[in-house]
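Text of the file start_36.txt, holding compact mmCIF, C-alpha atoms:
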```txt
# COMPACT_ATOMS: atom_id res chain seq x y z
CA MET A 1 27.87 40.69 -82.40
CA ARG A 2 30.96 39.18 -83.96
CA ILE A 3 33.60 38.34 -81.38
CA PRO A 4 37.17 39.24 -82.44
CA ARG A 5 39.54 36.35 -83.11
CA LEU A 6 41.83 37.52 -80.29
CA ILE A 7 39.00 37.07 -77.78
CA LEU A 8 38.25 33.57 -79.08
CA VAL A 9 41.90 32.66 -78.62
CA LEU A 10 41.79 34.07 -75.10
CA VAL A 11 38.69 32.04 -74.29
CA ALA A 12 40.40 28.86 -75.46
CA PHE A 13 43.47 29.69 -73.37
CA LEU A 14 41.40 30.33 -70.26
CA VAL A 15 39.44 27.10 -70.60
CA VAL A 16 42.68 25.12 -70.76
CA THR A 17 44.62 26.98 -68.07
CA ALA A 18 42.01 28.13 -65.56
CA PRO A 19 42.37 26.48 -62.13
CA PRO A 20 39.50 24.62 -60.45
CA ALA A 21 36.70 26.75 -59.00
CA GLY A 22 37.89 28.25 -55.73
CA ALA A 23 36.98 30.63 -52.99
CA LEU A 24 37.59 33.68 -55.17
CA ASP A 25 35.26 32.53 -57.93
CA LEU A 26 37.89 32.15 -60.62
CA ASN A 27 36.48 29.27 -62.65
CA PRO A 28 36.45 28.47 -66.39
CA PHE A 29 32.88 29.65 -66.90
CA SER A 30 33.55 32.98 -65.22
CA ALA A 31 36.70 33.32 -67.28
CA ILE A 32 34.80 32.71 -70.54
CA LYS A 33 32.14 35.25 -69.56
CA GLY A 34 34.82 37.78 -68.72
CA ALA A 35 36.65 37.22 -71.99
CA VAL A 36 33.51 37.64 -74.09
CA GLU A 37 32.49 40.77 -72.17
CA ALA A 38 35.94 42.21 -72.78
CA ALA A 39 35.07 42.44 -76.47
CA VAL A 40 32.39 45.06 -75.83
CA GLU A 41 33.16 46.79 -72.53
CA ASP A 42 34.96 50.06 -71.97
CA ARG A 43 38.12 48.86 -70.25
CA SER A 44 41.31 49.12 -72.28
CA SER A 45 43.13 45.93 -73.29
CA ALA A 46 45.92 46.88 -70.89
CA ASP A 47 43.44 47.19 -68.01
CA ILE A 48 41.86 43.86 -68.88
CA ALA A 49 45.25 42.14 -68.88
CA LYS A 50 46.23 43.68 -65.53
CA ASP A 51 42.86 42.83 -63.98
CA LEU A 52 43.18 39.19 -65.04
CA GLU A 53 46.68 39.07 -63.59
CA ILE A 54 45.52 40.56 -60.29
CA LYS A 55 42.61 38.12 -60.05
CA ALA A 56 44.95 35.20 -60.64
CA LYS A 57 47.26 36.49 -57.90
CA LEU A 58 44.31 36.92 -55.55
CA THR A 59 43.33 33.32 -56.09
CA ALA A 60 46.86 32.03 -55.59
CA ASP A 61 47.99 34.26 -52.71
CA VAL A 62 44.89 35.03 -50.68
CA VAL A 63 43.33 31.57 -50.86
CA ASP A 64 46.58 29.81 -50.05
CA LYS A 65 47.30 32.01 -47.04
CA LEU A 66 43.78 32.13 -45.63
CA GLY A 67 43.06 28.47 -46.30
CA LYS A 68 39.61 27.32 -45.16
CA GLU A 69 38.86 30.81 -43.82
CA ALA A 70 38.58 32.09 -47.42
CA ILE A 71 35.84 29.69 -48.49
CA SER A 72 33.10 32.35 -48.54
CA ILE A 73 35.21 35.25 -49.85
CA SER A 74 34.87 36.53 -53.42
CA ALA A 75 36.91 39.14 -55.26
CA ASP A 76 36.11 41.28 -58.29
CA VAL A 77 38.66 43.40 -60.14
CA TYR A 78 37.96 46.40 -62.36
CA GLU A 79 40.69 48.75 -63.63
CA GLN A 80 42.95 47.47 -60.84
CA ASP A 81 40.42 48.31 -58.12
CA VAL A 82 39.38 45.30 -56.04
CA MET A 83 36.10 44.61 -54.27
CA LEU A 84 36.13 41.89 -51.63
CA THR A 85 32.80 40.39 -50.60
CA GLY A 86 31.52 37.39 -48.70
CA ALA A 87 31.06 36.49 -45.05
CA VAL A 88 33.51 35.39 -42.38
CA GLU A 89 33.12 34.63 -38.68
CA LYS A 90 36.00 36.78 -37.39
CA ALA A 91 36.95 40.41 -38.02
CA GLU A 92 40.63 39.49 -38.16
CA VAL A 93 39.98 37.26 -41.18
CA LYS A 94 38.37 40.20 -42.99
CA GLN A 95 41.35 42.38 -42.16
CA LYS A 96 43.86 39.72 -43.19
CA ALA A 97 42.16 39.34 -46.58
CA GLU A 98 42.58 43.07 -47.15
CA VAL A 99 46.23 43.07 -46.08
CA LEU A 100 47.02 40.19 -48.43
CA THR A 101 45.17 41.92 -51.28
CA ARG A 102 47.02 45.20 -50.67
CA ALA A 103 50.34 43.38 -51.08
CA ILE A 104 49.51 42.38 -54.68
CA LYS A 105 51.26 44.39 -57.35
CA ASP A 106 49.22 46.98 -59.31
CA VAL A 107 46.22 46.99 -56.93
CA LYS A 108 45.04 50.61 -56.76
CA LYS A 109 42.10 50.60 -54.36
CA ILE A 110 40.38 48.04 -52.16
CA TYR A 111 36.72 48.00 -51.17
CA ASN A 112 36.52 45.53 -48.31
CA GLU A 113 32.82 44.66 -48.14
CA ILE A 114 33.31 41.29 -46.41
CA LEU A 115 30.64 40.86 -43.74
CA VAL A 116 31.57 39.59 -40.28
CA VAL A 117 28.81 37.19 -39.27
CA PRO A 118 29.41 35.02 -36.16
CA ALA A 119 28.34 31.40 -36.50
CA ILE A 120 25.45 31.85 -34.06
CA LYS A 121 24.00 34.67 -36.17
CA ARG A 122 24.37 32.59 -39.33
CA GLU A 123 22.40 29.78 -37.73
CA LYS A 124 19.71 32.22 -36.56
CA GLY A 125 19.51 33.74 -40.02
CA ALA A 126 19.13 30.33 -41.64
CA VAL A 127 16.17 29.60 -39.36
CA GLU A 128 14.49 32.98 -39.83
CA GLY A 129 14.66 33.04 -43.59
CA PHE A 130 16.91 31.63 -46.30
CA VAL A 131 18.13 34.07 -48.96
CA ASP A 132 19.33 32.53 -52.23
CA ASP A 133 22.09 34.86 -53.37
CA THR A 134 22.60 32.90 -56.58
CA VAL A 135 19.00 33.58 -57.58
CA ILE A 136 19.36 37.28 -56.77
CA GLU A 137 22.56 37.55 -58.81
CA GLY A 138 20.86 35.81 -61.73
CA LYS A 139 17.95 38.23 -61.59
CA ILE A 140 20.34 41.20 -61.51
CA ASN A 141 22.05 39.90 -64.63
CA ALA A 142 18.77 39.39 -66.49
CA LEU A 143 17.21 42.72 -65.48
CA LEU A 144 20.30 44.83 -66.16
CA LEU A 145 20.64 43.20 -69.57
CA ASP A 146 17.07 44.29 -70.34
CA ALA A 147 17.44 47.76 -68.85
CA LYS A 148 17.83 50.41 -71.53
CA GLY A 149 20.68 52.80 -70.89
CA VAL A 150 22.69 50.38 -68.74
CA ASN A 151 25.93 48.93 -70.17
CA VAL A 152 25.87 45.74 -68.14
CA THR A 153 29.34 44.66 -69.28
CA ASN A 154 30.91 47.42 -67.18
CA PHE A 155 29.15 46.31 -63.99
CA ARG A 156 29.97 43.61 -61.43
CA TRP A 157 27.72 42.53 -58.57
CA ARG A 158 27.64 40.23 -55.54
CA SER A 159 24.82 39.32 -53.19
CA VAL A 160 25.65 38.27 -49.62
CA GLY A 161 22.61 37.35 -47.59
CA GLY A 162 20.49 39.63 -49.75
CA LYS A 163 22.88 42.57 -49.36
CA VAL A 164 23.98 43.50 -52.88
CA PHE A 165 27.28 45.16 -53.72
CA LEU A 166 27.69 46.85 -57.12
CA PHE A 167 31.11 47.45 -58.63
CA GLY A 168 32.66 48.57 -61.91
CA ARG A 169 31.96 51.67 -63.99
CA ALA A 170 28.99 53.71 -65.11
CA LEU A 171 29.26 56.14 -67.99
CA SER A 172 26.96 58.63 -66.26
CA ARG A 173 25.20 59.29 -62.95
CA ASP A 174 21.87 58.55 -64.64
CA GLU A 175 23.13 55.12 -65.72
CA LEU A 176 24.29 54.33 -62.18
CA ASP A 177 21.04 55.53 -60.62
CA LYS A 178 19.05 53.37 -63.03
CA ALA A 179 21.15 50.28 -62.26
CA VAL A 180 20.77 50.81 -58.52
CA ALA A 181 17.00 51.28 -58.87
CA VAL A 182 16.70 48.05 -60.86
CA VAL A 183 18.59 46.08 -58.22
CA ARG A 184 16.64 47.60 -55.33
CA GLY A 185 13.41 46.47 -56.94
CA ILE A 186 14.38 42.79 -56.88
CA LYS A 187 12.59 40.61 -54.33
CA GLY A 188 14.92 39.46 -51.58
CA VAL A 189 17.35 42.38 -51.89
CA ALA A 190 17.80 43.89 -48.43
CA SER A 191 20.20 46.69 -49.35
CA VAL A 192 22.36 47.98 -52.20
CA THR A 193 25.88 49.34 -51.75
CA SER A 194 27.45 50.99 -54.80
CA ARG A 195 31.20 51.00 -55.35
CA VAL A 196 30.74 51.94 -59.00
CA LYS A 197 32.87 54.75 -60.40
CA VAL A 198 31.23 57.23 -62.77
CA ARG A 199 33.31 58.18 -65.79
CA PRO A 200 32.13 59.03 -69.32
CA LYS A 201 33.74 57.51 -72.40
CA GLY A 202 37.00 59.02 -73.50
```
Encoding of this model in structure tokens:
Amino acid sequence: MRIPRLILVLVAFLVVTAPPAGALDLNPFSAIKGAVEAAVEDRSSADIAKDLEIKAKLTADVVDKLGKEAISISADVYEQDVMLTGAVEKAEVKQKAEVLTRAIKDVKKIYNEILVVPAIKREKGAVEGFVDDTVIEGKINALLLDAKGVNVTNFRWRSVGGKVFLFGRALSRDELDKAVAVVRGIKGVASVTSRVKVRPKG
């Protein structure tokens, strides 16, 4: 696939201007991946621009105001909808993250999937069995890329302690069902929550 010149320019811009990796997972490598995917996915250029702007605001506003409490929070943006994931020790931190996100211009809908896990439960979980979310997310990427009938560029996913959250857009119910089935079949996945909208092309 030949990547349009505009996308290459955008990649170069993002590499130069992207801030250091932070709590909301806005780092140069993610930015490059997002820019390349934008060349083939079904979002409009206007949606892509707004989503990038919202993600930048999330990183600046939410991280700054939550401080250390935001370390394990991630945010994904698709067509101005936002999915918050991660784990915090207090319910008020989860709620505050949502309030701060809601205050950002152009945000349409928020899916607050942040898990409240007290420190004592985290320690117990670490003893009972470690779940490598990075490995799970890597497997999701590889398997969805190989799955016929799944446009992986329209999907986003996060794993938190083996609980997977899907986000983005499916072009049909069959496509969404297939993606969910693929993820459920991965070793270590405890549950799958779908926040994917179903909307055909056009």
Go through A:Leu84, A:Gly188, A:Lys94, A:Gly168 one by one, measure the shortest atom-to-atom distance of each to Val135 (chain A) using all atoms listed in the file, and give the residue with the smallest value.
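Nearest candidate to Val135 (chain A) out of A:Leu84, A:Gly188, A:Lys94, A:Gly168: A:Gly188.
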Residues within 9 Å of Ile186 (chain A), please, as a ChimeraX atom specification. Count only C-alpha atoms; anything in the same chain fewer than 6 positions from it doesn't count.
/A:136,139-140
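CA of Leu171 (chain A) sits 24.3 Å away from CA of Val189 (chain A).
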Could you tell me how far CA of Val107 (chain A) lies from CA of Met83 (chain A), in Å and to one decimal?
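Separation of CA of Val107 (chain A) and CA of Met83 (chain A): 10.7 Å.
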Neighbours of Thr134 (chain A) within 10 Å (only C-alpha atoms; same-chain residues fewer than 6 positions away dropped), as JSON, numbers by chain?
{"A": [140, 158, 159, 160, 162]}
So how far away is CA of Asn141 (chain A) from CA of Ala170 (chain A), in Å?
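CA of Asn141 (chain A) lies at a distance of 15.5 Å from CA of Ala170 (chain A).
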Go through A:Asp64, A:Arg195, A:Ala103, A:Leu176 and flag the residue nearest Val77 (chain A), using all atoms listed in the file for the distances.
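Checking each candidate against Val77 (chain A), we get A:Arg195 as the closest.
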Counting all atoms listed in the file, which residue out of A:Pro118, A:Gly86, A:Gly149, A:Gly138 sits closest to Phe165 (chain A)?
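Going through A:Pro118, A:Gly86, A:Gly149, A:Gly138 one by one, the smallest distance to Phe165 (chain A) is for A:Gly86.
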